[in-house]
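Peer 1: My structure is below; once you've seen it, I'll send some questions.
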Amino acid sequence: MMLLFDIALVAGLLTLAVHVVREPDERSAIIAFLAFGLLLGLAWIRLAAPDVALTEIAIGGGGTGILLLRAEAAVRGRGKHEESVTRPGKLAIAVGCAAISAGLGLAVLSFASPAPTLAPAAAEGLSATGLGNPVTAVLLAYRALDTLLEKVVVLLALIGVWSLAPDAAWGGVPAVRSGEIPQPLAYLARILPPFGVVIGVYMFWVGADAPGGTFQAGTVLAAMWLLVMLAGLRSPPETAGLPLRLALAGGPILFLAIAFLGFAFADGFLAYPKALAKPLILAIEAALTLSVAAALAMLVAGPARRAPTR
Amino acid sequence: MSGLADIATIVLVSAGALLFLAGALGLLRFPDTLSRLHAISKADNLGLGLIVLGLLPQMASLAGGLKLLCIWLLAQLSAATASQLLARAVHRDRADR
Amino acid sequence: MTVALQPSVLFGLCGAALVGIGLFAVVSSPGLLRRIVGCNILGAGIFLVFGAVARRGAGAGFEADPVPQALVITGIVVAFSASALAVALLKRLAEPRSDA
């Protein structure tokens, strides 16, 4: 029974992916990509990875979706097009891509058996961190360096986006909303955020022991903020503003500070003292959630468009 | 008692799935955006409602049931807003023409 | 046959196919926006292969190896950041040049 479901899911994923590639209309392709992201979330559930499923649906589907839809609206009719590839050229590319897929497929079929796994090692250290969710433990304890660097990558991407602002608008306000705001959107932006914020905080809080965590929670908070900005209830902050920059950098700074304190109070860089592991991880997660929320919302908002007031 | 709950679940979830199927058919077959919107929003509201109602007896805890209800309410809210926005866009396009 | 079609194998193969489809879009699409979408499909395929590895690494009471899962979560966030930067560049490209 589940096999049937899996096969249908895979067929849906592949059909949608091919549709995204072949669809001539740009917007239809992006909407198909949104549906693809939702189905992908289901696939992650089937792979017993609910944390990844939440992240995929929130960021991979929702976040990337709004980003692409806004981009499509902005460049409609003015987008740069490369020269079309000739038919034989396309065929050659298709053969090459199929070969890569076949190679990867062969690798999947010939995975080592028994499968190598770090699950026992992760389980062993779990009690020392005071966490119940092994994925959160990997993200914030065993492989905390990855997570720290990832935050830096997100900030670097944001700096890259901001640096595309025209000189006159540097440090100013990004343009989030466009034109007249429909009444239902304004209504939604009034009643949804209180619930959304509660859900975001809840996802952050249960992330220690159940599926959820900083990224998922941060995305929900970012979505609520974007909704309020899209509906024009609050204008976006100036990109040079101190509160915004503090929120953005706060997570990584706290993370780094605790990491360096590890030299003095624990075994070294990024090591937590045993007794304080859980409170420290929670503090880092709280600051990171805010940073992620601010960074993701600002990435979608784009570079500054209006000059700063000062 | 649990047998009765199971039967209720099966009936309600099947009915919900059937409504979703009907909605999807309408989405594919109806000629214009507004009637497609009509088909899919009906299926969304009632179909999801029936599925949530059907799953409620299976929840182990009260909190789990409340979460299910919250999901239904949030989906209602977003579906209603999205339908309104889509219908507005259609209306505007027609006025432009 | 039932062994061959466990979710890990099935979705691993699906991921492999998605890599090909995404790569095709990246290389052959004339539209730049579509190339960004293609990149995301390519990434999704690679993540799914990771997911298959994670699922196979079930053990110690977990249904899937948490380490590849954490890598994929990191990867999804980084992919989003890269897409955001690419989209910002694309919008800038489409703007009428002010200095010309």
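Naming works like this for the structure tokens: A, B, ... for the chains as they're shown, residue 1 at the start of each chain, ligands 1 onward in shown order.
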Report as JSON, numbers by chain: the residues of chain B with a DSSP assignment of alpha helix (DSSP H), based on the backbone of this structure.
Peer 2: {"B": [2, 3, 4, 5, 6, 7, 8, 9, 10, 11, 12, 13, 14, 15, 16, 17, 18, 19, 20, 21, 22, 23, 24, 25, 26, 27, 28, 29, 33, 34, 35, 36, 37, 38, 39, 40, 41, 42, 48, 49, 50, 51, 52, 53, 54, 55, 62, 63, 64, 65, 66, 67, 68, 69, 70, 71, 72, 73, 74, 75, 76, 77, 78, 79, 80, 81, 82, 83, 84, 85, 86, 87, 88, 89, 90, 91, 92, 93, 94, 95, 96]}
Peer 1: I'd like the contact shell of Leu16 in chain A - 9 Å cut-off, only C-alpha atoms, skipping same-chain residues fewer than 6 positions apart - returned as a list of chain:residue names.
Peer 2: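 Selected residues are A:Ala32, A:Phe33, A:Ala35, A:Phe36.
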Peer 1: Now that the selection is made, can you save its residues with N, CA and C atoms as a JSON list (two decimals), in the first residue's frame?
Peer 2:
[["chain", "number", "residue", "atom", "x", "y", "z"],
["A", 32, "ALA", "N", 4.36, 25.61, -10.64],
["A", 32, "ALA", "CA", 4.60, 24.17, -10.63],
["A", 32, "ALA", "C", 5.75, 23.83, -9.69],
["A", 33, "PHE", "N", 6.75, 24.72, -9.63],
["A", 33, "PHE", "CA", 7.87, 24.49, -8.72],
["A", 33, "PHE", "C", 7.42, 24.54, -7.26],
["A", 35, "ALA", "N", 4.43, 23.62, -6.18],
["A", 35, "ALA", "CA", 3.78, 22.33, -5.93],
["A", 35, "ALA", "C", 4.84, 21.25, -5.75],
["A", 36, "PHE", "N", 5.90, 21.34, -6.54],
["A", 36, "PHE", "CA", 7.02, 20.40, -6.44],
["A", 36, "PHE", "C", 7.60, 20.43, -5.02]]
Peer 1: When you get a sec, could you note down which chain B residues fall within 12 Å of chain A, using only C-alpha atoms, as number ranges by chain?
Peer 2: B: 67, 70-71, 73-89, 92
Peer 1: Please produce an output containing N, CA and C atoms for each residue in the selection, written as a PDB file, in the first residue's frame.
Peer 2:
ATOM      1  N   LYS B  67      -4.207  20.753  17.850  1.00  0.00           N
ATOM      2  CA  LYS B  67      -3.303  21.126  16.757  1.00  0.00           C
ATOM      3  C   LYS B  67      -3.971  20.860  15.411  1.00  0.00           C
ATOM      4  N   CYS B  70      -6.357  23.543  14.719  1.00  0.00           N
ATOM      5  CA  CYS B  70      -5.645  24.773  14.349  1.00  0.00           C
ATOM      6  C   CYS B  70      -5.230  24.715  12.878  1.00  0.00           C
ATOM      7  N   ILE B  71      -4.724  23.535  12.455  1.00  0.00           N
ATOM      8  CA  ILE B  71      -4.308  23.384  11.057  1.00  0.00           C
ATOM      9  C   ILE B  71      -5.489  23.662  10.139  1.00  0.00           C
ATOM     10  N   LEU B  73      -8.202  25.459  10.779  1.00  0.00           N
ATOM     11  CA  LEU B  73      -8.572  26.870  10.802  1.00  0.00           C
ATOM     12  C   LEU B  73      -7.597  27.703   9.974  1.00  0.00           C
ATOM     13  N   LEU B  74      -6.299  27.433  10.125  1.00  0.00           N
ATOM     14  CA  LEU B  74      -5.306  28.214   9.389  1.00  0.00           C
ATOM     15  C   LEU B  74      -5.435  27.978   7.894  1.00  0.00           C
ATOM     16  N   ALA B  75      -5.681  26.703   7.516  1.00  0.00           N
ATOM     17  CA  ALA B  75      -5.838  26.409   6.095  1.00  0.00           C
ATOM     18  C   ALA B  75      -7.071  27.129   5.551  1.00  0.00           C
ATOM     19  N   GLN B  76      -8.158  27.164   6.346  1.00  0.00           N
ATOM     20  CA  GLN B  76      -9.368  27.888   5.948  1.00  0.00           C
ATOM     21  C   GLN B  76      -9.047  29.344   5.669  1.00  0.00           C
ATOM     22  N   LEU B  77      -8.337  29.938   6.626  1.00  0.00           N
ATOM     23  CA  LEU B  77      -8.029  31.369   6.543  1.00  0.00           C
ATOM     24  C   LEU B  77      -7.207  31.662   5.295  1.00  0.00           C
ATOM     25  N   SER B  78      -6.158  30.854   5.071  1.00  0.00           N
ATOM     26  CA  SER B  78      -5.289  31.147   3.935  1.00  0.00           C
ATOM     27  C   SER B  78      -6.007  30.846   2.628  1.00  0.00           C
ATOM     28  N   ALA B  79      -6.829  29.775   2.611  1.00  0.00           N
ATOM     29  CA  ALA B  79      -7.538  29.440   1.372  1.00  0.00           C
ATOM     30  C   ALA B  79      -8.539  30.543   1.029  1.00  0.00           C
ATOM     31  N   ALA B  80      -9.241  31.040   2.062  1.00  0.00           N
ATOM     32  CA  ALA B  80     -10.225  32.090   1.811  1.00  0.00           C
ATOM     33  C   ALA B  80      -9.530  33.324   1.241  1.00  0.00           C
ATOM     34  N   THR B  81      -8.405  33.699   1.856  1.00  0.00           N
ATOM     35  CA  THR B  81      -7.687  34.889   1.379  1.00  0.00           C
ATOM     36  C   THR B  81      -7.182  34.688  -0.041  1.00  0.00           C
ATOM     37  N   ALA B  82      -6.578  33.513  -0.287  1.00  0.00           N
ATOM     38  CA  ALA B  82      -6.024  33.257  -1.620  1.00  0.00           C
ATOM     39  C   ALA B  82      -7.131  33.297  -2.664  1.00  0.00           C
ATOM     40  N   SER B  83      -8.318  32.706  -2.345  1.00  0.00           N
ATOM     41  CA  SER B  83      -9.418  32.721  -3.305  1.00  0.00           C
ATOM     42  C   SER B  83      -9.846  34.152  -3.603  1.00  0.00           C
ATOM     43  N   GLN B  84      -9.974  34.956  -2.548  1.00  0.00           N
ATOM     44  CA  GLN B  84     -10.355  36.356  -2.726  1.00  0.00           C
ATOM     45  C   GLN B  84      -9.364  37.075  -3.641  1.00  0.00           C
ATOM     46  N   LEU B  85      -8.078  36.856  -3.375  1.00  0.00           N
ATOM     47  CA  LEU B  85      -7.049  37.563  -4.148  1.00  0.00           C
ATOM     48  C   LEU B  85      -7.090  37.131  -5.605  1.00  0.00           C
ATOM     49  N   LEU B  86      -7.248  35.799  -5.830  1.00  0.00           N
ATOM     50  CA  LEU B  86      -7.304  35.301  -7.204  1.00  0.00           C
ATOM     51  C   LEU B  86      -8.514  35.873  -7.929  1.00  0.00           C
ATOM     52  N   ALA B  87      -9.671  35.857  -7.229  1.00  0.00           N
ATOM     53  CA  ALA B  87     -10.895  36.358  -7.853  1.00  0.00           C
ATOM     54  C   ALA B  87     -10.739  37.831  -8.204  1.00  0.00           C
ATOM     55  N   ARG B  88     -10.102  38.606  -7.321  1.00  0.00           N
ATOM     56  CA  ARG B  88      -9.850  40.006  -7.596  1.00  0.00           C
ATOM     57  C   ARG B  88      -9.004  40.192  -8.845  1.00  0.00           C
ATOM     58  N   ALA B  89      -7.960  39.339  -8.946  1.00  0.00           N
ATOM     59  CA  ALA B  89      -7.073  39.442 -10.107  1.00  0.00           C
ATOM     60  C   ALA B  89      -7.861  39.173 -11.390  1.00  0.00           C
ATOM     61  N   ARG B  92     -10.035  42.164 -12.167  1.00  0.00           N
ATOM     62  CA  ARG B  92      -9.251  43.285 -12.681  1.00  0.00           C
ATOM     63  C   ARG B  92      -8.889  43.043 -14.145  1.00  0.00           C
TER      64      ARG B  92
END
Peer 1: Within 7 Å of chain C, which residues of chain A show up when using only C-alpha atoms, listed as a compact mmCIF listing (two decimals) with C-alpha atoms, in the first residue's frame?
Peer 2:
# COMPACT_ATOMS: atom_id res chain seq x y z
CA ASP A 6 5.66 6.14 -2.87
CA VAL A 10 7.91 9.84 -7.23
CA LEU A 14 9.33 13.76 -11.76
CA ALA A 17 10.09 18.69 -12.49
CA VAL A 18 9.83 17.97 -16.22
CA VAL A 21 11.63 22.67 -17.33
CA ARG A 46 8.47 9.08 3.76
CA LEU A 47 12.24 9.13 4.35
CA ALA A 48 11.56 9.47 8.10
CA ALA A 49 13.01 12.99 8.19
CA VAL A 52 13.95 18.20 6.80
CA THR A 55 12.54 22.99 6.37
CA GLU A 56 11.87 21.99 2.77
CA ILE A 59 12.21 27.47 2.95
CA GLY A 60 12.61 25.32 -0.15
CA THR A 64 12.07 30.21 -2.66
CA LEU A 67 11.34 34.94 -4.05
CA ALA A 71 11.37 38.12 -9.38
CA ALA A 74 9.76 42.35 -11.56
CA VAL A 75 11.47 41.17 -14.74
CA ARG A 78 12.36 42.51 -19.62
CA GLY A 79 14.26 39.40 -18.56
CA LYS A 80 17.57 38.75 -20.23
CA HIS A 81 17.49 35.72 -22.47
CA GLU A 82 20.50 33.82 -23.63
CA GLU A 83 20.54 32.44 -27.14
CA SER A 84 18.40 29.34 -27.49
CA VAL A 85 20.33 26.12 -27.74
CA LYS A 90 19.75 20.21 -26.65
CA ILE A 93 22.86 18.14 -23.24
CA ALA A 94 19.97 15.75 -22.53
CA CYS A 97 22.39 14.91 -18.11
CA ALA A 98 20.85 11.44 -18.46
CA ILE A 100 24.93 11.86 -14.90
CA SER A 101 21.54 10.75 -13.56
CA LEU A 104 24.08 8.70 -9.64
CA GLY A 105 21.30 6.10 -9.85
CA VAL A 108 22.23 4.72 -5.16
CA LEU A 109 21.68 1.08 -6.15
CA ALA A 115 24.90 1.07 5.50
CA PRO A 116 27.50 3.22 7.27
CA THR A 117 25.81 5.27 9.94
CA LEU A 118 26.60 7.81 12.62
CA ALA A 119 23.27 7.26 14.36
CA PRO A 120 24.75 5.25 17.28
CA ALA A 123 22.59 8.67 20.23
CA PRO A 134 19.10 14.13 17.40
CA VAL A 135 18.98 16.46 14.39
CA VAL A 138 23.89 17.46 15.37
CA LEU A 139 23.15 21.02 14.21
CA THR A 147 25.75 25.77 11.51
CA GLU A 150 26.02 28.57 7.44
CA VAL A 153 26.92 32.36 4.46
CA VAL A 154 23.36 33.66 4.88
CA ALA A 157 24.36 36.50 0.72
CA GLY A 160 25.62 40.63 -1.61
CA VAL A 161 21.94 41.44 -2.16
CA LEU A 299 16.72 38.43 1.49
CA VAL A 300 13.20 38.32 0.06
CA GLY A 302 15.80 42.73 -1.70
Peer 1: Would you compute the distance between CA of Ala231 in chain A and CA of Val20 in chain A? Give it in Å to one decimal.
Peer 2: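 Between CA of Ala231 in chain A and CA of Val20 in chain A the gap works out to 29.3 Å.
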Peer 1: Set the distance at 9 Å and use only C-alpha atoms: which residues neighbour Ile199 in chain A once local chain neighbours fewer than 4 positions away are removed? I'd like the list as a ChimeraX atom specification.
Peer 2: /A:194-195,203-204,217,220-221
Peer 1: Those same residues - N, CA and C atoms - I'd like them written as a PDB file, in the first residue's frame.
Peer 2:
ATOM      1  N   PRO A 194      -0.333  37.231  14.854  1.00  0.00           N
ATOM      2  CA  PRO A 194      -0.287  36.756  16.245  1.00  0.00           C
ATOM      3  C   PRO A 194      -0.187  35.229  16.341  1.00  0.00           C
ATOM      4  N   PHE A 195      -1.004  34.536  15.524  1.00  0.00           N
ATOM      5  CA  PHE A 195      -0.930  33.067  15.526  1.00  0.00           C
ATOM      6  C   PHE A 195       0.424  32.598  14.993  1.00  0.00           C
ATOM      7  N   MET A 203       7.584  26.217  17.448  1.00  0.00           N
ATOM      8  CA  MET A 203       8.483  25.349  16.660  1.00  0.00           C
ATOM      9  C   MET A 203       9.907  25.435  17.175  1.00  0.00           C
ATOM     10  N   PHE A 204      10.323  26.647  17.562  1.00  0.00           N
ATOM     11  CA  PHE A 204      11.666  26.815  18.128  1.00  0.00           C
ATOM     12  C   PHE A 204      11.766  26.039  19.439  1.00  0.00           C
ATOM     13  N   ALA A 217      11.466  27.673  12.561  1.00  0.00           N
ATOM     14  CA  ALA A 217      10.833  28.742  13.324  1.00  0.00           C
ATOM     15  C   ALA A 217      11.176  30.095  12.714  1.00  0.00           C
ATOM     16  N   VAL A 220       9.084  30.796   9.665  1.00  0.00           N
ATOM     17  CA  VAL A 220       7.698  31.181   9.966  1.00  0.00           C
ATOM     18  C   VAL A 220       7.650  32.638  10.428  1.00  0.00           C
ATOM     19  N   LEU A 221       8.584  33.025  11.302  1.00  0.00           N
ATOM     20  CA  LEU A 221       8.608  34.411  11.772  1.00  0.00           C
ATOM     21  C   LEU A 221       8.878  35.360  10.608  1.00  0.00           C
TER      22      LEU A 221
END
Peer 1: So which residues touch Leu230 in chain A within 9 Å, counting only C-alpha atoms, skipping near sequence neighbours fewer than 2 positions away, as a tab-separated table (two decimals) with C-alpha atoms, in the first residue's frame?
Peer 2:
chain	number	residue	atom	x	y	z
A	176	VAL	CA	8.46	45.24	-0.55
A	177	ARG	CA	4.92	46.14	-1.58
A	178	SER	CA	3.87	47.22	-5.01
A	181	ILE	CA	-3.01	46.52	-1.53
A	185	LEU	CA	-4.47	40.69	2.16
A	186	ALA	CA	-4.54	43.53	4.66
A	189	ALA	CA	-1.91	40.50	7.67
A	225	TRP	CA	7.06	39.87	9.03
A	226	LEU	CA	6.96	39.79	5.23
A	227	LEU	CA	3.16	39.50	5.29
A	228	VAL	CA	2.91	42.62	7.45
A	232	GLY	CA	1.78	47.85	4.02
A	233	LEU	CA	0.93	47.75	7.73
A	234	ARG	CA	4.58	48.42	8.59
A	235	SER	CA	7.20	49.74	6.25
Peer 1: Name the residues in contact with range 42-59 of chain B at a cut-off of 12 Å, using only C-alpha atoms, excluding same-chain residues fewer than 5 positions from it; report them as a ChimeraX atom specification.
Peer 2: /B:1-27,35-37,64-80,82-83
Peer 1: Can those selected residues be exported to a file as a PDB file, in the first residue's frame so that it contains C-alpha atoms?
Peer 2:
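File written: part.pdb
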ATOM      1  CA  MET B   1     -15.682   1.874  21.218  1.00  0.00           C
ATOM      2  CA  SER B   2     -12.441   1.984  19.309  1.00  0.00           C
ATOM      3  CA  GLY B   3     -14.085  -0.005  16.512  1.00  0.00           C
ATOM      4  CA  LEU B   4     -16.758   2.658  16.213  1.00  0.00           C
ATOM      5  CA  ALA B   5     -14.117   5.405  16.173  1.00  0.00           C
ATOM      6  CA  ASP B   6     -12.208   3.548  13.455  1.00  0.00           C
ATOM      7  CA  ILE B   7     -15.316   3.239  11.305  1.00  0.00           C
ATOM      8  CA  ALA B   8     -16.064   6.952  11.757  1.00  0.00           C
ATOM      9  CA  THR B   9     -12.481   7.762  10.745  1.00  0.00           C
ATOM     10  CA  ILE B  10     -12.636   5.590   7.641  1.00  0.00           C
ATOM     11  CA  VAL B  11     -15.973   7.027   6.513  1.00  0.00           C
ATOM     12  CA  LEU B  12     -15.083  10.676   7.172  1.00  0.00           C
ATOM     13  CA  VAL B  13     -11.578  10.545   5.681  1.00  0.00           C
ATOM     14  CA  SER B  14     -12.850   8.692   2.596  1.00  0.00           C
ATOM     15  CA  ALA B  15     -15.564  11.304   2.133  1.00  0.00           C
ATOM     16  CA  GLY B  16     -12.947  14.034   2.488  1.00  0.00           C
ATOM     17  CA  ALA B  17     -10.643  12.357  -0.033  1.00  0.00           C
ATOM     18  CA  LEU B  18     -13.564  11.993  -2.450  1.00  0.00           C
ATOM     19  CA  LEU B  19     -14.295  15.717  -2.142  1.00  0.00           C
ATOM     20  CA  PHE B  20     -10.661  16.525  -2.868  1.00  0.00           C
ATOM     21  CA  LEU B  21     -10.848  14.283  -5.927  1.00  0.00           C
ATOM     22  CA  ALA B  22     -13.980  16.109  -7.091  1.00  0.00           C
ATOM     23  CA  GLY B  23     -12.275  19.437  -6.486  1.00  0.00           C
ATOM     24  CA  ALA B  24      -9.220  18.360  -8.469  1.00  0.00           C
ATOM     25  CA  LEU B  25     -11.454  17.170 -11.321  1.00  0.00           C
ATOM     26  CA  GLY B  26     -13.238  20.515 -11.296  1.00  0.00           C
ATOM     27  CA  LEU B  27      -9.880  22.303 -11.338  1.00  0.00           C
ATOM     28  CA  SER B  35     -15.625  28.255 -11.623  1.00  0.00           C
ATOM     29  CA  ARG B  36     -12.299  26.469 -11.094  1.00  0.00           C
ATOM     30  CA  LEU B  37     -11.828  28.593  -7.995  1.00  0.00           C
ATOM     31  CA  GLY B  64      -2.849  16.722  19.297  1.00  0.00           C
ATOM     32  CA  GLY B  65      -6.527  17.211  18.491  1.00  0.00           C
ATOM     33  CA  LEU B  66      -6.280  20.941  19.117  1.00  0.00           C
ATOM     34  CA  LYS B  67      -3.303  21.126  16.757  1.00  0.00           C
ATOM     35  CA  LEU B  68      -5.334  19.394  14.064  1.00  0.00           C
ATOM     36  CA  LEU B  69      -8.153  21.908  14.532  1.00  0.00           C
ATOM     37  CA  CYS B  70      -5.645  24.773  14.349  1.00  0.00           C
ATOM     38  CA  ILE B  71      -4.308  23.384  11.057  1.00  0.00           C
ATOM     39  CA  TRP B  72      -7.824  23.306   9.674  1.00  0.00           C
ATOM     40  CA  LEU B  73      -8.572  26.870  10.802  1.00  0.00           C
ATOM     41  CA  LEU B  74      -5.306  28.214   9.389  1.00  0.00           C
ATOM     42  CA  ALA B  75      -5.838  26.409   6.095  1.00  0.00           C
ATOM     43  CA  GLN B  76      -9.368  27.888   5.948  1.00  0.00           C
ATOM     44  CA  LEU B  77      -8.029  31.369   6.543  1.00  0.00           C
ATOM     45  CA  SER B  78      -5.289  31.147   3.935  1.00  0.00           C
ATOM     46  CA  ALA B  79      -7.538  29.440   1.372  1.00  0.00           C
ATOM     47  CA  ALA B  80     -10.225  32.090   1.811  1.00  0.00           C
ATOM     48  CA  ALA B  82      -6.024  33.257  -1.620  1.00  0.00           C
ATOM     49  CA  SER B  83      -9.418  32.721  -3.305  1.00  0.00           C
TER      50      SER B  83
END
Peer 1: If we count only C-alpha atoms and set the cut-off at 12 Å, which residues sit around Lys151 in chain A, ignoring sequence neighbours fewer than 2 positions away in its own chain? Please answer as a ChimeraX atom specification.
Peer 2: /A:139,144-149,153-158,214-215,248-256,284-285,287-296 /C:74-75,77-78,81
Peer 1: Take the residues that were just selected and, keeping C-alpha atoms, output them as a PDB file, in the first residue's frame.
Peer 2:
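Final file, out.pdb:
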ATOM      1  CA  LEU A 139      23.150  21.017  14.214  1.00  0.00           C
ATOM      2  CA  ALA A 144      27.989  23.355  15.406  1.00  0.00           C
ATOM      3  CA  LEU A 145      30.792  24.699  13.223  1.00  0.00           C
ATOM      4  CA  ASP A 146      28.730  23.941  10.089  1.00  0.00           C
ATOM      5  CA  THR A 147      25.746  25.772  11.513  1.00  0.00           C
ATOM      6  CA  LEU A 148      27.873  28.765  12.508  1.00  0.00           C
ATOM      7  CA  LEU A 149      29.427  28.993   9.039  1.00  0.00           C
ATOM      8  CA  VAL A 153      26.918  32.359   4.465  1.00  0.00           C
ATOM      9  CA  VAL A 154      23.360  33.658   4.876  1.00  0.00           C
ATOM     10  CA  LEU A 155      24.710  37.014   6.075  1.00  0.00           C
ATOM     11  CA  LEU A 156      27.197  37.143   3.174  1.00  0.00           C
ATOM     12  CA  ALA A 157      24.359  36.500   0.717  1.00  0.00           C
ATOM     13  CA  LEU A 158      22.397  39.327   2.339  1.00  0.00           C
ATOM     14  CA  THR A 214      15.723  27.414  14.515  1.00  0.00           C
ATOM     15  CA  PHE A 215      15.460  27.373  10.737  1.00  0.00           C
ATOM     16  CA  LEU A 248      20.973  40.059  11.985  1.00  0.00           C
ATOM     17  CA  ALA A 249      24.366  39.789  13.619  1.00  0.00           C
ATOM     18  CA  GLY A 250      23.167  38.915  17.134  1.00  0.00           C
ATOM     19  CA  GLY A 251      22.836  35.180  16.510  1.00  0.00           C
ATOM     20  CA  PRO A 252      26.273  34.599  14.987  1.00  0.00           C
ATOM     21  CA  ILE A 253      27.929  36.961  17.529  1.00  0.00           C
ATOM     22  CA  LEU A 254      26.440  35.118  20.508  1.00  0.00           C
ATOM     23  CA  PHE A 255      27.345  31.802  18.865  1.00  0.00           C
ATOM     24  CA  LEU A 256      30.967  32.929  18.359  1.00  0.00           C
ATOM     25  CA  ILE A 284      22.147  30.267  20.866  1.00  0.00           C
ATOM     26  CA  GLU A 285      19.031  28.884  19.217  1.00  0.00           C
ATOM     27  CA  ALA A 287      19.339  34.374  19.029  1.00  0.00           C
ATOM     28  CA  LEU A 288      19.823  32.392  15.814  1.00  0.00           C
ATOM     29  CA  THR A 289      16.057  32.148  15.280  1.00  0.00           C
ATOM     30  CA  LEU A 290      15.771  35.937  15.361  1.00  0.00           C
ATOM     31  CA  SER A 291      18.771  36.301  13.059  1.00  0.00           C
ATOM     32  CA  VAL A 292      17.422  33.739  10.606  1.00  0.00           C
ATOM     33  CA  ALA A 293      14.010  35.424  10.603  1.00  0.00           C
ATOM     34  CA  ALA A 294      15.502  38.859   9.941  1.00  0.00           C
ATOM     35  CA  ALA A 295      17.947  37.574   7.305  1.00  0.00           C
ATOM     36  CA  LEU A 296      15.391  35.524   5.362  1.00  0.00           C
TER      37      LEU A 296
ATOM     38  CA  THR C  74      21.961  23.417   6.304  1.00  0.00           C
ATOM     39  CA  GLY C  75      22.015  22.853   2.553  1.00  0.00           C
ATOM     40  CA  VAL C  77      19.085  27.267   3.882  1.00  0.00           C
ATOM     41  CA  VAL C  78      22.281  27.898   1.912  1.00  0.00           C
ATOM     42  CA  SER C  81      20.466  32.294   0.230  1.00  0.00           C
TER      43      SER C  81
END
